[in-house]
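Chemist: I am sharing start-v6.cif, which consists of mmCIF, C-alpha atoms:
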data_data
#
loop_
_atom_site.group_PDB
_atom_site.id
_atom_site.type_symbol
_atom_site.label_atom_id
_atom_site.label_comp_id
_atom_site.auth_asym_id
_atom_site.auth_seq_id
_atom_site.Cartn_x
_atom_site.Cartn_y
_atom_site.Cartn_z
ATOM 1 C CA MET A 25 -45.222 116.441 -62.293
ATOM 2 C CA LEU A 26 -44.023 118.346 -59.218
ATOM 3 C CA ASN A 27 -47.557 119.648 -58.639
ATOM 4 C CA ARG A 28 -48.912 116.113 -58.585
ATOM 5 C CA ILE A 29 -46.283 115.013 -56.060
ATOM 6 C CA PHE A 30 -47.080 118.036 -53.869
ATOM 7 C CA LEU A 31 -50.785 117.233 -54.117
ATOM 8 C CA ILE A 32 -50.280 113.604 -53.125
ATOM 9 C CA LEU A 33 -47.754 114.168 -50.338
ATOM 10 C CA VAL A 34 -49.113 117.335 -48.729
ATOM 11 C CA VAL A 35 -52.591 118.426 -49.743
ATOM 12 C CA ILE A 36 -54.405 115.096 -49.511
ATOM 13 C CA PRO A 37 -53.088 114.186 -46.010
ATOM 14 C CA VAL A 38 -53.873 117.695 -44.714
ATOM 15 C CA ALA A 39 -57.384 117.465 -46.172
ATOM 16 C CA ILE A 40 -57.923 114.084 -44.500
ATOM 17 C CA VAL A 41 -56.802 115.467 -41.134
ATOM 18 C CA LEU A 42 -59.031 118.542 -41.483
ATOM 19 C CA ILE A 43 -62.055 116.426 -42.393
ATOM 20 C CA ALA A 44 -61.429 114.155 -39.395
ATOM 21 C CA LEU A 45 -61.081 117.232 -37.158
ATOM 22 C CA ALA A 46 -64.363 118.650 -38.454
ATOM 23 C CA VAL A 47 -66.230 115.368 -37.932
ATOM 24 C CA ALA A 48 -64.827 114.905 -34.419
ATOM 25 C CA ASN A 49 -65.655 118.475 -33.306
ATOM 26 C CA ARG A 50 -69.211 118.984 -34.515
ATOM 27 C CA ALA A 51 -70.643 119.859 -31.102
ATOM 28 C CA PRO A 52 -71.478 123.535 -30.602
ATOM 29 C CA ALA A 53 -69.143 125.499 -28.379
ATOM 30 C CA ALA A 54 -69.680 128.890 -26.817
ATOM 31 C CA PHE A 55 -67.377 131.748 -27.766
ATOM 32 C CA THR A 56 -67.870 134.764 -25.548
ATOM 33 C CA VAL A 57 -66.327 138.197 -25.949
ATOM 34 C CA ASP A 58 -67.156 139.366 -22.410
ATOM 35 C CA PRO A 59 -64.764 137.687 -19.918
ATOM 36 C CA PHE A 60 -66.532 139.199 -16.880
ATOM 37 C CA ASN A 61 -70.013 137.921 -17.741
ATOM 38 C CA PRO A 62 -69.620 134.742 -19.824
ATOM 39 C CA GLY A 63 -73.372 134.059 -19.740
ATOM 40 C CA ASN A 64 -74.263 137.259 -21.621
ATOM 41 C CA PRO A 65 -76.178 136.025 -24.690
ATOM 42 C CA ALA A 66 -75.594 139.253 -26.620
ATOM 43 C CA LEU A 67 -71.815 138.716 -26.595
ATOM 44 C CA THR A 68 -71.771 134.921 -26.911
ATOM 45 C CA LEU A 69 -71.561 133.031 -30.167
ATOM 46 C CA GLN A 70 -72.549 129.359 -30.457
ATOM 47 C CA LEU A 71 -70.718 127.600 -33.296
ATOM 48 C CA PRO A 72 -69.347 124.142 -33.891
ATOM 49 C CA LEU A 73 -65.811 123.897 -32.561
ATOM 50 C CA PHE A 74 -64.304 123.037 -35.958
ATOM 51 C CA VAL A 75 -65.737 126.273 -37.418
ATOM 52 C CA MET A 76 -64.035 128.259 -34.662
ATOM 53 C CA LEU A 77 -60.780 126.400 -35.270
ATOM 54 C CA PHE A 78 -60.928 127.070 -39.012
ATOM 55 C CA LEU A 79 -61.751 130.744 -38.415
ATOM 56 C CA ALA A 80 -58.802 131.038 -36.031
ATOM 57 C CA LEU A 81 -56.561 129.377 -38.608
ATOM 58 C CA ALA A 82 -57.779 131.744 -41.330
ATOM 59 C CA ALA A 83 -57.300 134.780 -39.077
ATOM 60 C CA GLY A 84 -53.753 133.630 -38.266
ATOM 61 C CA LEU A 85 -52.948 133.170 -41.936
ATOM 62 C CA LEU A 86 -54.268 136.635 -42.784
ATOM 63 C CA LEU A 87 -52.437 138.336 -39.914
ATOM 64 C CA GLY A 88 -49.200 136.517 -40.732
ATOM 65 C CA SER A 89 -49.478 137.415 -44.404
ATOM 66 C CA PHE A 90 -50.107 141.057 -43.546
ATOM 67 C CA ALA A 91 -47.141 141.156 -41.155
ATOM 68 C CA THR A 92 -44.890 139.623 -43.794
ATOM 69 C CA TRP A 93 -46.140 142.099 -46.399
ATOM 70 C CA LEU A 94 -45.387 145.006 -44.048
ATOM 71 C CA ASN A 95 -41.951 143.606 -43.208
ATOM 72 C CA GLN A 96 -40.999 143.294 -46.878
ATOM 73 C CA GLY A 97 -41.968 146.889 -47.698
ATOM 74 C CA ARG A 98 -38.366 148.079 -47.794
ATOM 75 C CA TYR A 99 -37.533 145.491 -50.448
ATOM 76 C CA ARG A 100 -40.471 146.573 -52.599
ATOM 77 C CA ARG A 101 -39.412 150.215 -52.196
ATOM 78 C CA GLU A 102 -35.847 149.334 -53.226
ATOM 79 C CA ALA A 103 -37.132 147.383 -56.239
ATOM 80 C CA ARG A 104 -39.240 150.378 -57.346
ATOM 81 C CA ALA A 105 -36.229 152.678 -57.048
ATOM 82 C CA LYS A 106 -34.036 150.282 -59.050
ATOM 83 C CA SER A 107 -36.751 149.962 -61.687
ATOM 84 C CA LYS A 108 -36.958 153.750 -62.055
ATOM 85 C CA GLU A 109 -33.174 153.893 -62.328
ATOM 86 C CA VAL A 110 -33.152 151.222 -65.044
ATOM 87 C CA HIS A 111 -35.851 153.042 -67.041
ATOM 88 C CA ALA A 112 -33.936 156.316 -66.759
ATOM 89 C CA LEU A 113 -30.739 154.627 -67.969
ATOM 90 C CA ILE A 114 -32.573 152.999 -70.880
ATOM 91 C CA GLN A 115 -33.978 156.388 -71.922
ATOM 92 C CA GLU A 116 -30.522 157.954 -71.652
ATOM 93 C CA ILE A 117 -29.032 155.224 -73.842
ATOM 94 C CA SER A 118 -31.766 155.624 -76.458
ATOM 95 C CA GLN A 119 -31.251 159.411 -76.488
ATOM 96 C CA ARG A 120 -27.511 158.993 -76.947
ATOM 97 C CA LYS A 121 -28.066 156.595 -79.844
ATOM 98 C CA ALA A 122 -30.482 159.028 -81.480
ATOM 99 C CA THR A 123 -28.117 162.023 -81.425
ATOM 100 C CA PRO A 124 -25.074 161.818 -83.718
ATOM 101 C CA PRO A 125 -21.676 162.252 -82.074
ATOM 102 C CA PRO A 126 -20.025 165.665 -82.549
ATOM 103 C CA ALA A 127 -17.672 165.863 -85.517
ATOM 104 C CA ALA A 128 -14.084 165.837 -84.317
ATOM 105 C CA SER A 129 -11.510 167.974 -86.114
ATOM 106 C CA PRO A 130 -8.798 165.889 -87.770
ATOM 107 C CA ALA A 131 -5.625 165.632 -85.743
ATOM 108 C CA PRO A 132 -2.576 167.274 -87.384
ATOM 109 C CA SER A 133 0.093 164.892 -88.583
ATOM 110 C CA PRO A 134 3.391 164.978 -86.654
ATOM 111 C CA GLN A 135 5.447 165.886 -89.779
ATOM 112 C CA ALA A 136 3.294 168.859 -90.676
ATOM 113 C CA SER A 137 3.385 170.335 -87.221
ATOM 114 C CA GLY A 138 7.147 170.734 -87.152
ATOM 115 C CA SER A 139 7.473 169.370 -83.666
ATOM 116 C CA ALA A 140 10.876 168.899 -82.115
ATOM 117 C CA LEU A 141 10.261 165.200 -81.705
ATOM 118 C CA SER A 142 10.103 164.433 -85.391
ATOM 119 C CA VAL A 143 13.238 162.910 -86.869
ATOM 120 C CA PRO A 144 14.217 164.020 -90.416
ATOM 121 C CA ARG A 145 14.373 161.220 -92.973
ATOM 122 C CA PRO A 146 17.541 160.632 -94.955
#
For this file, produce the structure as structure tokens.
Modeler:
Amino acid sequence: MLNRIFLILVVIPVAIVLIALAVANRAPAAFTVDPFNPGNPALTLQLPLFVMLFLALAAGLLLGSFATWLNQGRYRREARAKSKEVHALIQEISQRKATPPPAASPAPSPQASGSALSVPRP
């Protein structure tokens, strides 16, 4: 249900705007890499303007995603360390369950030990 609402409220209007942008900007535009000689045909690319806009949008999305991925590296590193710690603790718990506890010697009763704190019974 939420996906349908997202589709209707966001995706369809964005698609309509992008289609209108593409139809309005069909004329070829020159993109040159050489700023000192803009007429150089070897370094000039003729594409429709909407293609250049979409390529710029895609490049921005990729660069932004990469920057975010790099920025979140410390959180991924911390998550890996915590995961290793959890696995080590789970193995330690399973090893402790597998080995029986050492047999403890029975504690002597207070009456048999003859301690000074025991009170004689009448």
Chemist: CA of Ala48 in chain A and CA of Arg28 in chain A are how many Å apart?
Modeler: 29.0 Å
Chemist: Please evaluate the PyMOL selection byres ((chain A and resi 50-52) around 12) against the structure above and give the resulting residues as a list in words.
Modeler: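 Output from the PyMOL selection byres ((chain A and resi 50-52) around 12), applied to this file: Ile43, Ala44, Leu45, Ala46, Val47, Ala48, Asn49, Ala53, Ala54, Phe55, Thr68, Leu69, Gln70, Leu71, Pro72, Leu73, Phe74, Val75, Met76 and Leu77 of chain A.
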Chemist: Please measure the separation of CA of Asn95 in chain A and CA of Ala83 in chain A, giving the value in Å to one decimal.
Modeler: 18.2 Å
Chemist: Could you jot down the CA of Ala80 in chain A to CA of Val41 in chain A separation for me, Å, one decimal place?
Modeler: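 For CA of Ala80 in chain A relative to CA of Val41 in chain A, the distance reads 16.5 Å.
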Chemist: Around all the atoms of range 106-114 of chain A listed in the file, draw an axis-aligned box and extend it by 8 Å on each of the six sides; I want its centre and edge lengths in Å to one decimal, as JSON.
Modeler:
{"center_x": -33.8, "center_y": 153.1, "center_z": -65.0, "size_x": 22.2, "size_y": 22.4, "size_z": 27.8}
